[in-house]
$ cat data_24.cif   # mmCIF, C-alpha atoms (C1' of nucleotides)
data_entry
#
loop_
_atom_site.group_PDB
_atom_site.id
_atom_site.type_symbol
_atom_site.label_atom_id
_atom_site.label_comp_id
_atom_site.auth_asym_id
_atom_site.auth_seq_id
_atom_site.Cartn_x
_atom_site.Cartn_y
_atom_site.Cartn_z
ATOM 1 C CA MET A 1 -158.196 -65.632 -241.624
ATOM 2 C CA VAL A 2 -158.936 -68.533 -239.308
ATOM 3 C CA ILE A 3 -161.934 -70.493 -240.430
ATOM 4 C CA ALA A 4 -163.421 -72.502 -237.616
ATOM 5 C CA PRO A 5 -163.793 -76.059 -238.936
ATOM 6 C CA ARG A 6 -166.707 -78.269 -238.206
ATOM 7 C CA SER A 7 -165.536 -80.500 -235.387
ATOM 8 C CA VAL A 8 -166.513 -83.791 -236.927
ATOM 9 C CA ALA A 9 -168.267 -83.621 -240.276
ATOM 10 C CA PRO A 10 -166.388 -82.518 -243.398
ATOM 11 C CA VAL A 11 -166.350 -78.848 -244.326
ATOM 12 C CA THR A 12 -168.413 -78.231 -247.446
ATOM 13 C CA PRO A 13 -168.053 -75.427 -249.998
ATOM 14 C CA ASN A 14 -171.171 -73.834 -248.545
ATOM 15 C CA ASP A 15 -169.589 -73.911 -245.100
ATOM 16 C CA ILE A 16 -166.639 -71.967 -246.484
ATOM 17 C CA ARG A 17 -168.903 -69.433 -248.171
ATOM 18 C CA LEU A 18 -170.808 -68.904 -244.965
ATOM 19 C CA PHE A 19 -167.724 -68.513 -242.796
ATOM 20 C CA THR A 20 -166.162 -66.132 -245.290
ATOM 21 C CA LEU A 21 -169.281 -63.976 -245.406
ATOM 22 C CA LEU A 22 -169.627 -63.968 -241.637
ATOM 23 C CA ALA A 23 -165.993 -62.977 -241.263
ATOM 24 C CA SER A 24 -166.738 -59.868 -243.316
ATOM 25 C CA VAL A 25 -169.423 -58.550 -240.983
ATOM 26 C CA PRO A 26 -167.913 -55.443 -239.351
ATOM 27 C CA PRO A 27 -167.917 -54.716 -235.607
ATOM 28 C CA GLY A 28 -170.956 -52.858 -234.381
ATOM 29 C CA ARG A 29 -173.223 -54.402 -237.019
ATOM 30 C CA VAL A 30 -175.439 -57.489 -237.035
ATOM 31 C CA VAL A 31 -176.882 -59.894 -239.588
ATOM 32 C CA THR A 32 -179.662 -62.444 -239.403
ATOM 33 C CA TYR A 33 -179.400 -66.172 -239.962
ATOM 34 C CA GLY A 34 -181.675 -65.830 -242.964
ATOM 35 C CA GLN A 35 -179.531 -63.116 -244.480
ATOM 36 C CA LEU A 36 -176.418 -65.248 -244.298
ATOM 37 C CA ALA A 37 -178.258 -68.162 -245.883
ATOM 38 C CA ASP A 38 -179.693 -65.985 -248.647
ATOM 39 C CA PHE A 39 -176.434 -64.319 -249.541
ATOM 40 C CA ILE A 40 -174.550 -67.557 -250.042
ATOM 41 C CA GLY A 41 -177.264 -68.845 -252.311
ATOM 42 C CA ALA A 42 -178.998 -71.118 -249.825
ATOM 43 C CA PRO A 43 -182.433 -69.539 -249.328
ATOM 44 C CA ARG A 44 -184.730 -70.979 -246.651
ATOM 45 C CA ARG A 45 -181.782 -72.576 -244.919
ATOM 46 C CA ALA A 46 -181.481 -70.228 -241.933
ATOM 47 C CA ARG A 47 -181.797 -73.199 -239.664
ATOM 48 C CA TRP A 48 -178.761 -74.779 -241.227
ATOM 49 C CA VAL A 49 -176.806 -71.591 -240.507
ATOM 50 C CA GLY A 50 -177.701 -71.828 -236.847
ATOM 51 C CA GLN A 51 -176.723 -75.466 -236.769
ATOM 52 C CA LEU A 52 -173.324 -74.564 -238.230
ATOM 53 C CA LEU A 53 -172.707 -71.743 -235.771
ATOM 54 C CA ARG A 54 -173.713 -74.012 -232.933
ATOM 55 C CA GLN A 55 -170.688 -76.201 -233.495
ATOM 56 C CA LEU A 56 -168.111 -73.463 -233.779
ATOM 57 C CA PRO A 57 -165.232 -73.992 -231.359
ATOM 58 C CA LYS A 58 -165.400 -71.737 -228.338
ATOM 59 C CA ASP A 59 -162.215 -69.995 -229.386
ATOM 60 C CA SER A 60 -163.379 -69.296 -232.929
ATOM 61 C CA SER A 61 -162.222 -65.972 -234.330
ATOM 62 C CA LEU A 62 -165.430 -65.650 -236.333
ATOM 63 C CA PRO A 63 -167.845 -62.917 -235.200
ATOM 64 C CA TRP A 64 -170.616 -65.382 -234.327
ATOM 65 C CA HIS A 65 -172.013 -62.867 -231.845
ATOM 66 C CA ARG A 66 -173.100 -60.594 -234.703
ATOM 67 C CA VAL A 67 -175.735 -63.075 -235.829
ATOM 68 C CA ILE A 68 -179.259 -62.646 -234.486
ATOM 69 C CA ASN A 69 -182.670 -63.814 -235.659
ATOM 70 C CA ALA A 70 -185.062 -62.065 -238.031
ATOM 71 C CA GLN A 71 -187.015 -60.802 -235.038
ATOM 72 C CA GLY A 72 -184.018 -58.769 -233.997
ATOM 73 C CA LYS A 73 -183.374 -60.912 -230.942
ATOM 74 C CA ILE A 74 -180.539 -63.031 -229.662
ATOM 75 C CA SER A 75 -181.448 -66.671 -230.263
ATOM 76 C CA LEU A 76 -178.693 -68.225 -228.214
ATOM 77 C CA PRO A 77 -180.051 -69.235 -224.778
ATOM 78 C CA ILE A 78 -178.706 -67.059 -221.942
ATOM 79 C CA LEU A 79 -177.033 -69.993 -220.268
ATOM 80 C CA GLU A 80 -175.497 -71.225 -223.506
ATOM 81 C CA GLY A 81 -173.740 -68.038 -224.506
ATOM 82 C CA GLY A 82 -176.538 -65.555 -224.924
ATOM 83 C CA ARG A 83 -175.098 -63.539 -222.089
ATOM 84 C CA GLU A 84 -171.693 -63.415 -223.708
ATOM 85 C CA GLN A 85 -173.216 -62.483 -227.051
ATOM 86 C CA ALA A 86 -174.964 -59.488 -225.508
ATOM 87 C CA GLU A 87 -171.758 -58.454 -223.784
ATOM 88 C CA ARG A 88 -169.746 -58.711 -226.971
ATOM 89 C CA LEU A 89 -172.267 -56.673 -228.909
ATOM 90 C CA ARG A 90 -172.422 -53.976 -226.247
ATOM 91 C CA ALA A 91 -168.631 -53.846 -226.234
ATOM 92 C CA GLU A 92 -168.908 -52.902 -229.906
ATOM 93 C CA GLY A 93 -171.383 -50.154 -229.182
ATOM 94 C CA VAL A 94 -174.539 -52.074 -230.064
ATOM 95 C CA LEU A 95 -177.544 -51.314 -227.893
ATOM 96 C CA VAL A 96 -178.976 -54.568 -226.527
ATOM 97 C CA SER A 97 -182.132 -54.479 -224.416
ATOM 98 C CA ALA A 98 -182.493 -56.530 -221.252
ATOM 99 C CA ASP A 99 -184.446 -59.182 -223.155
ATOM 100 C CA GLY A 100 -181.794 -59.458 -225.839
ATOM 101 C CA ARG A 101 -183.389 -57.298 -228.485
ATOM 102 C CA VAL A 102 -181.379 -55.338 -231.039
ATOM 103 C CA SER A 103 -182.635 -52.746 -233.520
ATOM 104 C CA LEU A 104 -182.245 -54.233 -236.973
ATOM 105 C CA ARG A 105 -183.091 -50.864 -238.425
ATOM 106 C CA LEU A 106 -180.031 -49.327 -236.807
ATOM 107 C CA TYR A 107 -177.531 -52.150 -236.876
ATOM 108 C CA ARG A 108 -178.370 -54.500 -239.728
ATOM 109 C CA TRP A 109 -175.449 -54.987 -242.071
ATOM 110 C CA MET A 110 -175.935 -55.450 -245.796
ATOM 111 C CA PRO A 111 -173.136 -57.009 -247.917
ATOM 112 C "C1'" DA B 1 -183.497 -97.024 -239.875
ATOM 113 C "C1'" DC B 2 -186.826 -93.939 -237.606
ATOM 114 C "C1'" DA B 3 -187.965 -89.970 -234.522
ATOM 115 C "C1'" DT B 4 -186.800 -85.734 -232.301
ATOM 116 C "C1'" DT B 5 -184.441 -81.552 -231.810
ATOM 117 C "C1'" DG B 6 -182.988 -77.139 -232.602
ATOM 118 C "C1'" DA B 7 -178.274 -70.247 -232.465
ATOM 119 C "C1'" DC B 8 -184.479 -70.117 -238.055
ATOM 120 C "C1'" DG B 9 -188.041 -67.782 -241.006
ATOM 121 C "C1'" DC B 10 -192.164 -66.828 -243.665
ATOM 122 C "C1'" DC B 11 -197.132 -66.720 -243.854
ATOM 123 C "C1'" DC B 12 -201.538 -66.339 -241.945
ATOM 124 C "C1'" DA B 13 -205.092 -65.789 -238.359
ATOM 125 C "C1'" DG C 1 -198.134 -58.155 -230.485
ATOM 126 C "C1'" DT C 2 -198.831 -63.477 -230.329
ATOM 127 C "C1'" DG C 3 -199.305 -68.110 -231.794
ATOM 128 C "C1'" DG C 4 -199.757 -72.114 -235.023
ATOM 129 C "C1'" DG C 5 -198.330 -74.472 -239.410
ATOM 130 C "C1'" DC C 6 -195.003 -75.542 -242.543
ATOM 131 C "C1'" DG C 7 -190.366 -75.698 -244.890
ATOM 132 C "C1'" DC C 8 -185.628 -76.686 -243.939
ATOM 133 C "C1'" DC C 9 -181.818 -80.133 -242.640
ATOM 134 C "C1'" DA C 10 -177.644 -81.832 -239.911
ATOM 135 C "C1'" DA C 11 -177.031 -83.679 -235.504
ATOM 136 C "C1'" DT C 12 -178.512 -86.606 -232.041
ATOM 137 C "C1'" DG C 13 -180.989 -90.265 -229.573
#
$ encode --input "data_24.cif" --output "structure tokens"
Amino acid sequence: MVIAPRSVAPVTPNDIRLFTLLASVPPGRVVTYGQLADFIGAPRRARWVGQLLRQLPKDSSLPWHRVINAQGKISLPILEGGREQAERLRAEGVLVSADGRVSLRLYRWMP
DNA sequence: ACATTGACGCCCA
DNA sequence: GTGGGCGCCAATG
């Protein structure tokens, strides 16, 4: 499995845990930033998860597009990849509304 | 060193 | 449903 390294800063054990967990999210399912943080034992650190995903290399093999916010919406700005995220999700059969909303009830993945 | 900025989330009004 | 306040914290200016 290819773990996308942080471009500059050192990769911490928590980084590895997060990437490993994210890599296990199956196609057609989504998880929230908060979920990822909680499951690796870093509650209330959803923001840190987003910050980590933000610096993933563009060619990362990690399913970054399966991460949405607790509101069930795509957080990534349209011009910064939000469009691509919606496309990737739809390609996996996930229904994404025009405003980037996804049904957590239908697609949320639980480890 | 200090201030601001986010791929966030929970709580409350 | 919406909006404000706070916690969180690495990156950035």
$ atom_distance --input "data_24.cif" --atom1 "atom CA of A:Val11" --atom2 "atom CA of A:Leu79"
27.8 Å
$ interface_residues --input "data_24.cif" --of "chain B" --to "chain A" --cutoff "12 Å" --atoms "all atoms listed in the file" --output "number ranges by chain"
B: 5-10
$ write_last_selection --input "data_24.cif" --atoms "C-alpha atoms (C1' of nucleotides)" --output "PDB file, in the frame of the given file"
ATOM      1  C1'  DT B   5    -184.441 -81.552-231.810  1.00  0.00           C
ATOM      2  C1'  DG B   6    -182.988 -77.139-232.602  1.00  0.00           C
ATOM      3  C1'  DA B   7    -178.274 -70.247-232.465  1.00  0.00           C
ATOM      4  C1'  DC B   8    -184.479 -70.117-238.055  1.00  0.00           C
ATOM      5  C1'  DG B   9    -188.041 -67.782-241.006  1.00  0.00           C
ATOM      6  C1'  DC B  10    -192.164 -66.828-243.665  1.00  0.00           C
TER       7       DC B  10
END
$ residues_around --input "data_24.cif" --residues "B:DA13" --least-positions-apart "2" --cutoff "12 Å" --atoms "all atoms listed in the file" --output "list in words"
DC11 of chain B; DT2, DG3, DG4 and DG5 of chain C
$ interface_residues --input "data_24.cif" --of "chain C" --to "chain A" --cutoff "8 Å" --atoms "only C-alpha atoms (C1' of nucleotides)" --output "number ranges by chain"
C: 7-10
$ atom_distance --input "data_24.cif" --atom1 "atom CA of A:Pro111" --atom2 "atom CA of A:Ile16"
16.4 Å
$ atom_distance --input "data_24.cif" --atom1 "atom CA of A:Arg108" --atom2 "atom CA of A:Arg83"
20.1 Å
